[in-house]
Amino acid sequence: MNDREDAALVAESLRGNREAFESLVNDYQKPVYNMAYRLLNNCEDARDVTQNVFLKAFRNLEGFDPKYKFFSWICRIALNESINLRNSRRVPRGVDERVADGRPLPDDLLCCAELSSEIQSALMSMELDQRAVIVLRHFHHCSYQDIGQILDIPEKTVKSRLFTARNHLREVLCLRGVL
Amino acid sequence: MSKGRPLSMPNVNYEELMSAEIDGELSEEERTLLDKHLISNPDAQSVRTQMTKLSEGLDQVKEIEPPADLGRSIMAALPPVPQASAIAVRPRFRAARLSILKYGYVFAAGIILGLILHQAVTKRTTTVDLNDLYGSMAPRVVGGAWQPADGMSFTSDSLTGSVQLAQLGSTVVLEFDFDSIGTVEISVRYDPQLVQFAGYNQRTAGNLSLTGGNGSLSLRCEDNQQHFLLVLTSPQKIPTTFNVEFLVGGKIVDARALRTR
């Protein structure tokens with residue numbers, strides 16, 4: 001995933017080249033899906049969000065500024081879509097949605113270490129804005145600058161929010177005897 | 001960033017420094033302060049160990065593979081051209097760049113395509129006996145043997161109502177019930193390899209036109225009150241997404257993905 005290549009693919013897509021947009025979908029569906037899953041903890045919601053993200057991105061391609069990373073732009077759309085979906089479903093906070101929706105975990109998650117599933121469970125006990133900085137920093141390896149652009153907050157706030165989020169996670173996982 | 005910024009002892013939050021250390025964002029002064037603090041404070045050492053373990057644990061969390069058909073499903077749901085909703089509000093000076101000849105071709109192609117699609121839709125509608133599914137006095141589709149799968153409701157200045165997605169065996173129904181101010185355009189997109197359009201049924205006498213049928217349906221509703229059903233079949237019974245968009249005055253006022261089970 002190269003920023004200049006992405007910008008060229010966006011330009012091609014705007015000229016009506018659907019294969020160019022398909023390349024963007026192929027490159028970014030996995031990170032978008034993972035981001036939505038980590039934020040919502042539900043496979044079908046993650047699928048719906050990913051689908052809506054690319055639909056909105058396609059409809060608003062003219063609004064993409066090549067000065068910024070395509071990934072940052074699409075992550076921002078994904079974050080907003082996730083917030084909208086969470087608000088529309090109104091799943092009570094603190095409830096493990098894997099249990100709440102009665103659906104099985106994806107195979108990949110079943111294979112994860114216990115710590116990974118404990119982390120995901122602890123993530124769901126956090127406010128979504130704190131969850132988002134953890135997801136962007138640790139799962140998508142975004143810089144403070146990238147996170148700031150995606151969340152539209154100053155880098156200083158990124159730093160303090162990361163601290164608050166990590167501290168919360170640490171306390172939760174300590175209480176559960178994981179750390 | 002606090003790189004290079006001198007710190008006075010009383011204001012130091014050592015746990016915040018530990019968090020910044022994980023990200024490689026400590027200045028020399030901050031590192032010196034943190035190291036000094038850790039030497040004389042076993043509790044702080046314990047917190048730092050926990051922070052490090054947490055960070056390592058977070059980095060070990062595996063990526064999840066999206067569903068194999070997701071990319072195809074996304075592409076199938078896209079409109080024919082990017083920024084379709086923006087075209088309606090594009091400034092006049094841009095529109096003027098298009099030649100009249102080009103407009104003519106587009107207009108003619110639109111009419112031909114519309115006629116072909118309309119014929120296809122009409123033909124399909126007449127081959128499906130919708131009375132087998134629901135009569136005019138039948139209860140709402142979401143009741144009885146029909147299984148509600150998903151739904152959306154919306155309330156805005158221009159549009160109020162709901163869409164219910166229900167299924168029975170391989171038959172899927174989208175039930176639209178809404179009030180609007182002005183003309184409403186609705187777009188429904190789905191994967192044509194998984195779903196086929198079978199017909200529609202109006203519950204009110206509102207003015208409704210429908211075109212499309214192969215992965216995409218476009219509806220234009222010119223009355224304020226609408227209640228109608230779109231009937232589709234999904235022979236493979238695979239969970240499928242329907243992207244529903246409502247446009248008023250050419251602008252999207254609501255868009256959702258509804259999904260069968």
# chains A, B, ... in the order shown; residues from 1 in each chain; ligands from 1
>>> closest_atom_pairs(of="chain B", to="chain A", cutoff="9 Å", atoms="only C-alpha atoms", output="JSON lines")
{"residue": "B:Met1", "atom": "CA", "partner": "A:Lys156", "partner_atom": "CA", "distance": 6.2}
{"residue": "B:Ser2", "atom": "CA", "partner": "A:Lys156", "partner_atom": "CA", "distance": 8.6}
{"residue": "B:Glu15", "atom": "CA", "partner": "A:Phe163", "partner_atom": "CA", "distance": 7.6}
{"residue": "B:Glu16", "atom": "CA", "partner": "A:Phe163", "partner_atom": "CA", "distance": 5.5}
{"residue": "B:Leu17", "atom": "CA", "partner": "A:Phe163", "partner_atom": "CA", "distance": 8.5}
{"residue": "B:Met18", "atom": "CA", "partner": "A:Phe163", "partner_atom": "CA", "distance": 8.4}
{"residue": "B:Ser19", "atom": "CA", "partner": "A:Phe163", "partner_atom": "CA", "distance": 5.4}
{"residue": "B:Ala20", "atom": "CA", "partner": "A:Lys159", "partner_atom": "CA", "distance": 7.2}
{"residue": "B:Asp23", "atom": "CA", "partner": "A:Arg137", "partner_atom": "CA", "distance": 8.8}
{"residue": "B:Val47", "atom": "CA", "partner": "A:Arg170", "partner_atom": "CA", "distance": 8.6}
{"residue": "B:Thr49", "atom": "CA", "partner": "A:Leu179", "partner_atom": "CA", "distance": 8.9}
{"residue": "B:Gln50", "atom": "CA", "partner": "A:Leu179", "partner_atom": "CA", "distance": 6.0}
{"residue": "B:Met51", "atom": "CA", "partner": "A:Arg170", "partner_atom": "CA", "distance": 6.7}
{"residue": "B:Lys53", "atom": "CA", "partner": "A:Leu179", "partner_atom": "CA", "distance": 7.0}
{"residue": "B:Leu54", "atom": "CA", "partner": "A:Arg170", "partner_atom": "CA", "distance": 6.6}
{"residue": "B:Ser55", "atom": "CA", "partner": "A:His138", "partner_atom": "CA", "distance": 7.9}
{"residue": "B:Gly57", "atom": "CA", "partner": "A:Leu115", "partner_atom": "CA", "distance": 6.5}
{"residue": "B:Leu58", "atom": "CA", "partner": "A:His138", "partner_atom": "CA", "distance": 6.2}
{"residue": "B:Asp59", "atom": "CA", "partner": "A:His138", "partner_atom": "CA", "distance": 5.9}
{"residue": "B:Gln60", "atom": "CA", "partner": "A:Ser116", "partner_atom": "CA", "distance": 7.0}
{"residue": "B:Val61", "atom": "CA", "partner": "A:Ser116", "partner_atom": "CA", "distance": 5.1}
{"residue": "B:Lys62", "atom": "CA", "partner": "A:Cys112", "partner_atom": "CA", "distance": 6.7}
{"residue": "B:Glu63", "atom": "CA", "partner": "A:Asn34", "partner_atom": "CA", "distance": 6.6}
{"residue": "B:Ile64", "atom": "CA", "partner": "A:Asn34", "partner_atom": "CA", "distance": 6.1}
{"residue": "B:Glu65", "atom": "CA", "partner": "A:Lys30", "partner_atom": "CA", "distance": 6.7}
{"residue": "B:Pro66", "atom": "CA", "partner": "A:Lys30", "partner_atom": "CA", "distance": 5.9}
{"residue": "B:Pro67", "atom": "CA", "partner": "A:Arg47", "partner_atom": "CA", "distance": 7.8}
{"residue": "B:Leu70", "atom": "CA", "partner": "A:Arg47", "partner_atom": "CA", "distance": 7.4}
{"residue": "B:Gly71", "atom": "CA", "partner": "A:Val25", "partner_atom": "CA", "distance": 6.4}
{"residue": "B:Arg72", "atom": "CA", "partner": "A:Glu22", "partner_atom": "CA", "distance": 8.8}
{"residue": "B:Ser73", "atom": "CA", "partner": "A:Gln51", "partner_atom": "CA", "distance": 7.8}
{"residue": "B:Ile74", "atom": "CA", "partner": "A:Gln51", "partner_atom": "CA", "distance": 5.5}
{"residue": "B:Met75", "atom": "CA", "partner": "A:Glu22", "partner_atom": "CA", "distance": 6.9}
{"residue": "B:Ala77", "atom": "CA", "partner": "A:Leu55", "partner_atom": "CA", "distance": 7.5}
{"residue": "B:Leu78", "atom": "CA", "partner": "A:Leu55", "partner_atom": "CA", "distance": 6.0}
{"residue": "B:Pro79", "atom": "CA", "partner": "A:Arg59", "partner_atom": "CA", "distance": 8.1}
{"residue": "B:Pro80", "atom": "CA", "partner": "A:Gly16", "partner_atom": "CA", "distance": 8.4}
{"residue": "B:Val81", "atom": "CA", "partner": "A:Gly16", "partner_atom": "CA", "distance": 6.2}
{"residue": "B:Pro82", "atom": "CA", "partner": "A:Arg59", "partner_atom": "CA", "distance": 4.9}
{"residue": "B:Gln83", "atom": "CA", "partner": "A:Arg59", "partner_atom": "CA", "distance": 3.6}
{"residue": "B:Ala84", "atom": "CA", "partner": "A:Arg59", "partner_atom": "CA", "distance": 5.9}
{"residue": "B:Ser85", "atom": "CA", "partner": "A:Arg59", "partner_atom": "CA", "distance": 6.8}
{"residue": "B:Ala86", "atom": "CA", "partner": "A:Arg59", "partner_atom": "CA", "distance": 7.8}
{"residue": "B:Met152", "atom": "CA", "partner": "A:Ser88", "partner_atom": "CA", "distance": 8.9}
{"residue": "B:Thr241", "atom": "CA", "partner": "A:Asp48", "partner_atom": "CA", "distance": 7.7}
{"residue": "B:Asn243", "atom": "CA", "partner": "A:Asn52", "partner_atom": "CA", "distance": 8.0}
{"residue": "B:Ala255", "atom": "CA", "partner": "A:Asn52", "partner_atom": "CA", "distance": 8.4}
{"residue": "B:Arg256", "atom": "CA", "partner": "A:Asn52", "partner_atom": "CA", "distance": 7.4}
{"residue": "B:Ala257", "atom": "CA", "partner": "A:Asp48", "partner_atom": "CA", "distance": 5.9}
{"residue": "B:Leu258", "atom": "CA", "partner": "A:Asp48", "partner_atom": "CA", "distance": 7.9}
{"residue": "B:Arg259", "atom": "CA", "partner": "A:Asp48", "partner_atom": "CA", "distance": 8.0}
>>> residues_around(residues="B:Ser180", least_positions_apart="6", cutoff="10 Å", atoms="only C-alpha atoms", output="list in words")
Thr155, Ser156, Asp157, Ser158, Leu159, Thr160, Gly161, Cys221, Glu222, Asp223, Asn224, Gln225, Gln226 and Val248 of chain B
>>> write_last_selection(atoms="N, CA and C atoms", output="compact mmCIF listing (two decimals), in the first residue's frame")
# COMPACT_ATOMS: atom_id res chain seq x y z
N THR B 155 -36.04 9.08 10.76
CA THR B 155 -36.88 10.24 11.06
C THR B 155 -36.09 11.48 10.71
N SER B 156 -36.57 12.22 9.75
CA SER B 156 -35.93 13.49 9.42
C SER B 156 -37.02 14.46 8.99
N ASP B 157 -36.64 15.68 8.66
CA ASP B 157 -37.63 16.67 8.24
C ASP B 157 -38.37 16.22 6.98
N SER B 158 -37.66 15.49 6.11
CA SER B 158 -38.24 15.15 4.81
C SER B 158 -38.74 13.72 4.71
N LEU B 159 -38.36 12.87 5.65
CA LEU B 159 -38.64 11.44 5.49
C LEU B 159 -38.79 10.77 6.85
N THR B 160 -39.87 10.03 7.02
CA THR B 160 -40.09 9.29 8.26
C THR B 160 -40.67 7.92 7.92
N GLY B 161 -40.11 6.87 8.49
CA GLY B 161 -40.65 5.55 8.21
C GLY B 161 -39.67 4.45 8.54
N CYS B 221 -40.67 7.49 -5.92
CA CYS B 221 -41.97 7.55 -5.23
C CYS B 221 -42.42 9.00 -5.22
N GLU B 222 -43.57 9.27 -5.84
CA GLU B 222 -43.99 10.65 -6.00
C GLU B 222 -45.15 11.05 -5.09
N ASP B 223 -45.59 10.12 -4.26
CA ASP B 223 -46.65 10.49 -3.32
C ASP B 223 -46.08 10.53 -1.92
N ASN B 224 -46.79 11.18 -1.05
CA ASN B 224 -46.25 11.38 0.29
C ASN B 224 -46.25 10.11 1.12
N GLN B 225 -47.21 9.22 0.85
CA GLN B 225 -47.31 8.02 1.67
C GLN B 225 -47.04 6.79 0.82
N GLN B 226 -46.11 5.96 1.24
CA GLN B 226 -45.76 4.77 0.45
C GLN B 226 -45.69 3.55 1.35
N VAL B 248 -33.50 12.43 -1.32
CA VAL B 248 -34.52 13.46 -1.49
C VAL B 248 -33.83 14.67 -2.11
>>> residues_around(residues="B:Gln196", least_positions_apart="3", cutoff="10 Å", atoms="only C-alpha atoms", output="short mmCIF file (atom, residue, chain, number, x, y, z; two decimals) with C-alpha atoms, in the first residue's frame")
data_model
loop_
_atom_site.label_atom_id
_atom_site.label_comp_id
_atom_site.auth_asym_id
_atom_site.auth_seq_id
_atom_site.Cartn_x
_atom_site.Cartn_y
_atom_site.Cartn_z
CA THR B 171 -37.72 -15.75 -0.56
CA VAL B 172 -36.64 -12.37 0.77
CA TYR B 190 -27.38 -6.51 -3.91
CA ASP B 191 -25.18 -9.25 -5.29
CA PRO B 192 -26.89 -10.45 -8.51
CA GLN B 193 -25.08 -13.77 -8.27
CA GLY B 199 -41.50 -8.71 -8.20
CA GLY B 213 -33.48 -5.82 -11.68
CA ASN B 214 -29.96 -7.21 -12.06
CA GLY B 215 -28.25 -6.38 -8.78
CA SER B 216 -29.74 -2.92 -8.63
CA VAL B 231 -39.78 -9.54 -3.41
CA LEU B 232 -36.49 -11.26 -4.19
CA THR B 233 -35.27 -14.82 -4.21
CA SER B 234 -32.03 -16.12 -2.80
CA PRO B 235 -31.84 -19.77 -4.00
#
>>> atom_distance(atom1="atom CA of A:Lys69", atom2="atom CA of A:Gln149")
9.6 Å
>>> atom_distance(atom1="atom CA of A:Ala36", atom2="atom CA of B:Ile238")
22.0 Å
